[in-house]
>>> print(open('run21.txt').read())   # compact mmCIF, C-alpha atoms and all ligand atoms
# COMPACT_ATOMS: atom_id res chain seq x y z
CA MET B 1 0.00 0.00 0.00
CA ILE B 2 2.80 2.43 0.89
CA ARG B 3 6.20 2.19 -0.69
CA PHE B 4 9.24 4.24 0.20
CA GLU B 5 11.77 4.13 -2.61
CA SER B 6 15.37 5.22 -1.99
CA ILE B 7 14.45 7.99 0.42
CA SER B 8 17.19 10.30 1.68
CA LYS B 9 16.92 13.36 3.88
CA SER B 10 19.35 15.81 5.47
CA PHE B 11 18.70 18.81 7.66
CA ASP B 12 21.40 21.41 6.98
CA SER B 13 24.46 19.22 6.58
CA HIS B 14 23.21 16.49 8.93
CA GLN B 15 21.99 13.41 7.08
CA VAL B 16 19.13 11.66 8.88
CA LEU B 17 17.93 9.08 6.35
CA LYS B 18 20.00 7.48 3.61
CA ASP B 19 18.55 5.48 0.75
CA ILE B 20 15.64 3.99 2.67
CA SER B 21 13.35 1.59 0.84
CA LEU B 22 10.49 -0.26 2.47
CA GLU B 23 6.92 -1.31 1.94
CA VAL B 24 3.96 -1.16 4.27
CA LYS B 25 1.29 -3.73 3.49
CA GLU B 26 -2.41 -2.99 3.32
CA GLY B 27 -4.11 -3.42 6.68
CA GLU B 28 -0.92 -3.96 8.65
CA LEU B 29 0.31 -2.10 11.68
CA LEU B 30 3.93 -1.20 11.08
CA VAL B 31 5.92 0.25 13.95
CA LEU B 32 8.84 2.56 13.24
CA LEU B 33 11.15 1.90 16.16
CA GLY B 34 14.42 3.58 17.01
CA ALA B 35 16.30 5.76 19.43
CA SER B 36 15.65 9.48 19.69
CA GLY B 37 16.86 11.28 16.57
CA SER B 38 16.90 8.17 14.36
CA GLY B 39 14.53 9.77 11.86
CA LYS B 40 11.24 8.01 12.70
CA THR B 41 9.14 11.17 12.74
CA THR B 42 10.87 12.48 9.64
CA LEU B 43 9.94 9.32 7.73
CA LEU B 44 6.36 9.39 9.03
CA LYS B 45 5.83 13.05 8.10
CA MET B 46 6.93 12.38 4.55
CA ILE B 47 3.82 10.25 4.03
CA ASN B 48 1.41 13.14 4.57
CA GLY B 49 3.72 15.71 3.02
CA LEU B 50 4.71 17.55 6.19
CA ILE B 51 8.35 16.89 5.22
CA GLN B 52 9.68 16.46 1.68
CA PRO B 53 12.46 13.96 0.93
CA ASP B 54 15.66 15.28 -0.71
CA ALA B 55 15.76 12.22 -2.91
CA GLY B 56 13.50 9.24 -3.57
CA ASN B 57 9.75 8.79 -3.87
CA ILE B 58 6.78 7.66 -1.84
CA PHE B 59 3.95 5.72 -3.42
CA ILE B 60 0.50 5.16 -1.96
CA ASN B 61 -1.44 2.46 -3.78
CA ASN B 62 1.14 2.71 -6.56
CA ASN B 63 0.49 6.44 -7.00
CA LYS B 64 3.45 8.71 -6.45
CA VAL B 65 2.75 11.26 -3.72
CA THR B 66 3.11 14.73 -5.19
CA LYS B 67 2.51 18.18 -3.71
CA LYS B 68 -0.81 18.61 -5.48
CA ASP B 69 -2.28 15.51 -3.82
CA ILE B 70 -1.40 16.63 -0.32
CA THR B 71 -4.70 18.26 0.73
CA ASN B 72 -6.73 15.31 -0.44
CA LEU B 73 -4.26 12.88 1.07
CA ARG B 74 -4.43 14.54 4.49
CA ARG B 75 -8.23 14.36 4.53
CA ASN B 76 -8.04 10.65 3.93
CA THR B 77 -5.30 10.02 6.45
CA GLY B 78 -5.74 9.96 10.20
CA TYR B 79 -2.92 11.63 12.08
CA VAL B 80 -2.43 11.17 15.81
CA ILE B 81 0.38 12.79 17.78
CA GLN B 82 1.49 12.71 21.38
CA GLN B 83 0.37 16.29 22.07
CA VAL B 84 -3.11 15.34 20.78
CA GLY B 85 -3.60 18.76 19.19
CA LEU B 86 -7.32 19.19 19.80
CA PHE B 87 -8.74 22.60 18.94
CA PRO B 88 -9.22 24.19 22.37
CA HIS B 89 -12.26 26.30 21.46
CA TYR B 90 -14.08 23.47 19.73
CA SER B 91 -16.17 21.02 21.73
CA VAL B 92 -15.33 17.32 21.69
CA PHE B 93 -18.12 16.87 19.15
CA GLU B 94 -16.78 19.60 16.86
CA ASN B 95 -13.24 18.25 17.10
CA ILE B 96 -14.31 14.76 16.06
CA ALA B 97 -16.66 16.12 13.38
CA LEU B 98 -13.86 18.09 11.73
CA VAL B 99 -12.91 15.72 8.91
CA PRO B 100 -16.46 14.46 8.16
CA ARG B 101 -17.43 18.15 7.80
CA LEU B 102 -14.49 18.81 5.46
CA LEU B 103 -15.66 15.79 3.50
CA LYS B 104 -19.11 17.46 3.37
CA HIS B 105 -21.01 14.61 4.95
CA GLU B 106 -24.62 15.36 5.93
CA GLU B 107 -25.18 16.63 9.46
CA GLN B 108 -27.19 13.57 10.57
CA ARG B 109 -24.50 11.22 9.27
CA ILE B 110 -21.84 13.30 11.05
CA LYS B 111 -23.71 13.03 14.33
CA GLU B 112 -23.98 9.26 13.97
CA THR B 113 -20.29 8.99 13.06
CA VAL B 114 -19.17 11.05 16.05
CA LYS B 115 -21.38 9.07 18.40
CA THR B 116 -20.20 5.74 17.00
CA TRP B 117 -16.54 6.58 17.42
CA MET B 118 -17.05 8.04 20.88
CA ASP B 119 -18.85 4.84 21.91
CA ARG B 120 -16.17 2.63 20.40
CA LEU B 121 -13.47 4.51 22.24
CA GLY B 122 -15.25 4.43 25.58
CA LEU B 123 -16.37 8.07 25.67
CA PRO B 124 -20.09 8.28 26.54
CA PHE B 125 -21.59 10.78 24.09
CA ASP B 126 -24.00 12.43 26.53
CA VAL B 127 -21.25 12.97 29.08
CA HIS B 128 -18.46 14.29 26.87
CA ALA B 129 -19.72 15.56 23.50
CA ARG B 130 -20.31 19.14 24.62
CA LYS B 131 -17.16 19.51 26.73
CA LEU B 132 -14.19 21.60 25.71
CA PRO B 133 -10.83 19.77 25.57
CA ALA B 134 -9.62 21.54 28.73
CA ALA B 135 -12.27 19.63 30.71
CA LEU B 136 -10.87 16.22 29.68
CA SER B 137 -8.27 14.02 31.34
CA GLY B 138 -5.14 13.15 29.34
CA GLY B 139 -6.51 9.70 28.51
CA GLN B 140 -9.90 11.09 27.45
CA ALA B 141 -8.21 13.72 25.27
CA GLN B 142 -6.10 11.04 23.60
CA ARG B 143 -9.26 9.00 22.95
CA VAL B 144 -10.88 12.09 21.37
CA GLY B 145 -7.73 12.49 19.25
CA LEU B 146 -8.09 8.89 18.08
CA ALA B 147 -11.82 9.30 17.44
CA ARG B 148 -11.08 12.42 15.40
CA ALA B 149 -8.49 10.54 13.35
CA LEU B 150 -10.85 7.60 12.76
CA ALA B 151 -14.06 9.56 12.11
CA GLY B 152 -13.04 10.38 8.53
CA GLU B 153 -12.91 6.61 7.96
CA PRO B 154 -9.33 6.75 6.74
CA GLN B 155 -7.66 3.84 5.00
CA LEU B 156 -4.42 5.00 6.54
CA ILE B 157 -3.55 6.26 9.99
CA LEU B 158 -0.22 7.76 11.02
CA MET B 159 0.65 7.86 14.71
CA ASP B 160 3.60 9.56 16.37
CA GLU B 161 4.14 8.38 19.96
CA PRO B 162 0.35 8.50 20.38
CA PHE B 163 0.22 6.88 23.80
CA SER B 164 3.43 7.99 25.44
CA ALA B 165 1.97 10.79 27.58
CA LEU B 166 -0.46 8.42 29.27
CA ASP B 167 -0.08 6.47 32.48
CA PRO B 168 0.62 2.75 31.97
CA VAL B 169 -2.88 1.39 32.74
CA ILE B 170 -4.76 3.86 30.54
CA ARG B 171 -2.08 3.48 27.93
CA ALA B 172 -2.53 -0.28 27.72
CA GLN B 173 -6.32 0.08 27.51
CA ILE B 174 -6.28 2.67 24.73
CA ARG B 175 -3.61 0.75 22.88
CA ASN B 176 -5.69 -2.43 22.95
CA ASP B 177 -8.85 -0.56 21.93
CA PHE B 178 -7.02 1.00 19.03
CA ARG B 179 -5.50 -2.31 17.92
CA THR B 180 -8.92 -4.01 17.96
CA ILE B 181 -10.46 -1.25 15.84
CA GLN B 182 -7.51 -1.07 13.45
CA LYS B 183 -7.65 -4.81 12.80
CA ARG B 184 -11.41 -4.93 12.46
CA GLU B 185 -11.57 -1.96 10.07
CA LYS B 186 -8.45 -3.17 8.22
CA ILE B 187 -6.83 0.25 8.49
CA THR B 188 -3.18 0.47 7.48
CA ALA B 189 -1.36 2.03 10.41
CA ILE B 190 2.16 3.33 10.84
CA MET B 191 3.18 4.11 14.38
CA VAL B 192 6.33 5.77 15.68
CA THR B 193 7.62 4.73 19.06
CA HIS B 194 10.91 4.34 20.88
CA ASP B 195 9.27 1.91 23.30
CA LEU B 196 10.35 -1.66 22.56
CA GLN B 197 7.60 -3.18 24.66
CA GLU B 198 4.93 -1.16 22.87
CA ALA B 199 6.40 -2.12 19.51
CA VAL B 200 6.50 -5.82 20.31
CA SER B 201 3.03 -5.99 21.74
CA LEU B 202 1.33 -4.02 18.93
CA ALA B 203 3.19 -4.44 15.68
CA ASP B 204 2.54 -6.78 12.81
CA ARG B 205 6.02 -5.80 11.72
CA ILE B 206 8.69 -3.58 13.21
CA CYS B 207 11.06 -1.41 11.22
CA LEU B 208 14.12 -0.65 13.36
CA LEU B 209 15.82 2.55 12.23
CA ALA B 210 19.34 3.56 13.20
CA GLU B 211 22.39 5.14 11.66
CA LYS B 212 20.27 6.53 8.78
CA LYS B 213 19.26 3.03 7.71
CA VAL B 214 16.67 0.31 8.24
CA GLN B 215 18.53 -2.14 10.45
CA GLN B 216 15.79 -4.76 10.29
CA LEU B 217 12.21 -5.02 9.09
CA GLY B 218 10.33 -8.03 10.35
CA LYS B 219 7.93 -9.57 12.81
CA PRO B 220 8.68 -8.89 16.47
CA SER B 221 9.86 -12.47 16.87
CA ASP B 222 12.32 -11.98 14.00
CA LEU B 223 13.96 -9.05 15.77
CA ILE B 224 14.01 -10.82 19.11
CA PHE B 225 15.06 -14.30 18.07
CA LYS B 226 16.71 -13.71 14.68
CA PRO B 227 18.36 -10.29 14.88
CA ALA B 228 19.74 -9.29 11.48
CA ASN B 229 22.95 -7.82 12.86
CA SER B 230 24.75 -6.95 16.06
CA PHE B 231 23.07 -3.55 16.19
CA VAL B 232 19.59 -5.14 16.38
CA LYS B 233 20.81 -7.69 18.91
CA ASN B 234 22.24 -4.99 21.16
CA PHE B 235 19.18 -2.77 20.75
CA ILE B 236 16.82 -5.55 21.78
CA GLN B 237 19.08 -6.76 24.55
CA SER B 238 20.09 -3.35 25.84
CA ASP B 239 17.61 -3.49 28.66
CA ARG B 240 16.85 -6.91 29.99
CA PHE B 241 14.17 -5.58 32.30
CA GLN B 242 12.49 -4.11 29.30
CA ALA B 243 12.81 -7.47 27.60
CA ALA B 244 11.46 -9.21 30.68
CA LEU B 245 8.58 -6.81 30.70
CA ILE B 246 7.76 -7.73 27.12
CA ALA B 247 7.63 -11.37 28.01
CA CYS B 248 5.53 -10.70 31.08
CA LYS B 249 3.12 -8.27 29.52
CA ILE B 250 2.29 -10.49 26.63
CA LYS B 251 -0.68 -12.53 27.66
CA ASP B 252 -0.25 -16.28 27.92
CA LEU B 253 3.53 -16.21 28.10
CA LYS B 254 4.10 -15.57 31.75
CA PRO B 255 3.61 -19.19 32.87
CA PHE B 256 6.58 -20.23 30.77
CA LEU B 257 9.10 -18.40 32.87
CA THR B 258 9.37 -18.10 36.60
CA GLU B 259 9.83 -14.73 38.24
CA THR B 260 13.31 -15.84 39.21
CA GLU B 261 14.29 -16.54 35.65
CA LEU B 262 12.83 -13.26 34.52
CA PHE B 263 14.25 -10.92 37.07
CA ASN B 264 17.14 -12.60 38.86
CA SER B 265 18.96 -14.16 35.99
CA SER B 266 22.66 -13.80 36.57
CA ASP B 267 23.26 -13.79 32.82
CA ASN B 268 23.76 -10.51 31.04
CA SER B 269 20.48 -10.71 29.29
CA LEU B 270 17.17 -12.44 29.60
CA LEU B 271 17.24 -13.03 25.90
CA GLU B 272 20.43 -15.00 26.24
CA VAL B 273 18.54 -17.24 28.65
CA LEU B 274 15.73 -17.55 26.14
CA GLN B 275 18.10 -18.37 23.34
CA THR B 276 20.11 -20.95 25.23
CA ALA B 277 19.47 -24.23 23.49
CA ASP B 278 19.37 -26.31 26.63
CA SER B 279 17.08 -23.99 28.54
CA GLN B 280 13.70 -25.68 28.66
CA SER B 281 11.86 -22.55 29.65
CA GLY B 282 13.74 -20.58 27.01
CA LYS B 283 12.57 -22.99 24.33
CA ALA B 284 9.05 -23.10 25.72
CA LEU B 285 8.84 -19.32 25.78
CA MET B 286 10.12 -19.00 22.23
CA SER B 287 7.61 -21.50 20.96
CA ALA B 288 4.81 -19.85 22.95
CA PHE B 289 5.81 -16.48 21.55
CA TYR B 290 5.62 -17.78 17.99
CA GLN B 291 2.19 -19.28 18.69
CA TRP B 292 1.00 -16.06 20.28
CA GLU B 293 2.21 -14.07 17.30
CA GLU B 294 0.40 -16.37 14.88
CA ARG B 295 -2.85 -16.11 16.81
CA PHE B 296 -2.61 -12.39 17.49
CA ARG B 297 -1.97 -11.39 13.92
N1 LIG B 301 12.81 20.65 10.82
C1 LIG B 301 14.03 20.22 11.21
N2 LIG B 301 15.11 21.03 11.11
C2 LIG B 301 16.34 20.61 11.47
N3 LIG B 301 16.59 19.38 11.97
C3 LIG B 301 15.57 18.54 12.11
C4 LIG B 301 14.23 18.91 11.72
N4 LIG B 301 13.41 17.86 11.97
C5 LIG B 301 14.20 16.87 12.48
N5 LIG B 301 15.49 17.30 12.55
C6 LIG B 301 16.61 16.47 13.03
O1 LIG B 301 16.58 15.23 12.37
C7 LIG B 301 16.90 14.16 13.24
C8 LIG B 301 15.78 13.14 13.26
O2 LIG B 301 14.62 13.73 13.84
P1 LIG B 301 13.28 12.91 14.03
O3 LIG B 301 12.32 13.80 14.73
O4 LIG B 301 12.86 12.32 12.75
O5 LIG B 301 13.78 11.74 14.99
P2 LIG B 301 12.93 10.71 15.84
O6 LIG B 301 13.56 9.37 15.60
O7 LIG B 301 11.48 10.83 15.54
O8 LIG B 301 13.28 11.18 17.32
P3 LIG B 301 12.34 11.31 18.65
O9 LIG B 301 12.09 9.90 19.10
O10 LIG B 301 13.23 12.06 19.58
O11 LIG B 301 11.11 12.05 18.27
C9 LIG B 301 17.18 14.80 14.61
O12 LIG B 301 18.56 14.95 14.74
C10 LIG B 301 16.49 16.14 14.50
O13 LIG B 301 17.15 17.09 15.29
>>> encode(input="run21.txt", output="structure tokens", more="lines below")
Ligand SMILES: Nc1ncnc2c1ncn2[C@@H]1O[C@H](COP(=O)(O)OP(=O)(O)OP(=O)(O)O)[C@@H](O)[C@H]1O
Amino acid sequence: MIRFESISKSFDSHQVLKDISLEVKEGELLVLLGASGSGKTTLLKMINGLIQPDAGNIFINNNKVTKKDITNLRRNTGYVIQQVGLFPHYSVFENIALVPRLLKHEEQRIKETVKTWMDRLGLPFDVHARKLPAALSGGQAQRVGLARALAGEPQLILMDEPFSALDPVIRAQIRNDFRTIQKREKITAIMVTHDLQEAVSLADRICLLAEKKVQQLGKPSDLIFKPANSFVKNFIQSDRFQAALIACKIKDLKPFLTETELFNSSDNSLLEVLQTADSQSGKALMSAFYQWEERFR
């Protein structure tokens, strides 16, 4: 659905992306993962024309993205950012109705759309529709931001650290709600995050960016168990508590490892434990992870 072809970008004399090519499949959730400054946001913003590449092209459904398509493209693309960006003087209703109004839908249809998306995202219409954004909690505002992005019924949604300002419980809930909707509606989604755990638990595929390049593009299990190079291996293994958290947070996997193995391993990395051929729980966890990934996706 989306194809980046030999994309390069520099800011002043600092090159951020060099000859990047990758494809995002229709209906998949692709996570752009990488450390701060690795160019994730730059790549994302090229899709809706907020940043132009110096070299290379982007294709959406085999059509090259050009400047003249940008307005139309933005109307058909949901965009969700960490700062939410709700219009402060518009009510929740008016914020969510923004794109359907631009698309000139009838007022009755707009009302139904807004109500549907508020319901789906756990925002009771009668309670919240007339509020101004200042009267919402962070989690509610983020849900309104998602509803606004989804209300135009986009085929494509771009998300830049959409959940990172939220506390962990709310974050997990909204993340799961979003994933359910995205899968059901078959929306192609590209999400930027630097959070490994978020990437592993949400992504169909992860694109790990570093040193101007795509270091690996694959399923979460590919990056964890078959790292393409030492950079990917070190990135995944850099924080074994983070890795442990991934294993723990993913439903169904916890029984395969004991707390002791997860948190008190004397080895350098939990993943080394997992990858040790003679470790029964390592093998069991790997196989459970693969099964989980199959079922989940
Ligand atoms: N408009 C700009 N002008 C100059 N430099 C920029 C601009 N936008 C981004 N950069 C630089 O490009 C590099 C990549 O930025 P980008 O925002 O894409 O990284 P990121 O991976 O999304 O990082 P983060 O996780 O911190 O948001 C950074 O060094 C940044 O300072």
>>> residues_around(input="run21.txt", residues="segment 159-168 of chain B", least_positions_apart="3", cutoff="8 Å", atoms="only C-alpha atoms", output="list in words")
Thr41, Leu44, Tyr79, Val80, Ile81, Gln82, Gln83, Val84, Gly138, Gly139, Gln142, Arg171, Ala172, Ile174, Arg175, Ala189, Ile190, Met191, Val192, Thr193 and His194 of chain B
>>> closest_residue(input="run21.txt", among="B:Leu50, B:Ile170, B:Leu30, B:Leu73", to="ligand LIG 301 (chain B)", atoms="all atoms listed in the file")
B:Leu50
>>> residues_near_ligand(input="run21.txt", ligand="ligand LIG 301 (chain B)", cutoff="6 Å", atoms="all atoms listed in the file", output="list in words")
Phe11, Val16, Ala35, Ser36, Gly37, Ser38, Gly39, Lys40, Thr41, Thr42 and His194 of chain B
>>> atom_distance(input="run21.txt", atom1="atom CA of Asp119 of chain B", atom2="atom CA of Val144 of chain B")
10.8 Å
>>> residues_around(input="run21.txt", residues="Met118 of chain B", least_positions_apart="5", cutoff="8 Å", atoms="all atoms listed in the file", output="list in words")
Leu123, Pro124, Phe125, Val144 and Ala147 of chain B
>>> residues_near_point(input="run21.txt", point="(15.8, 5.5, 1.2)", cutoff="9 Å", atoms="only C-alpha atoms", output="PyMOL selection string")
chain B and resi 4-9+17-22+55-57+212-214
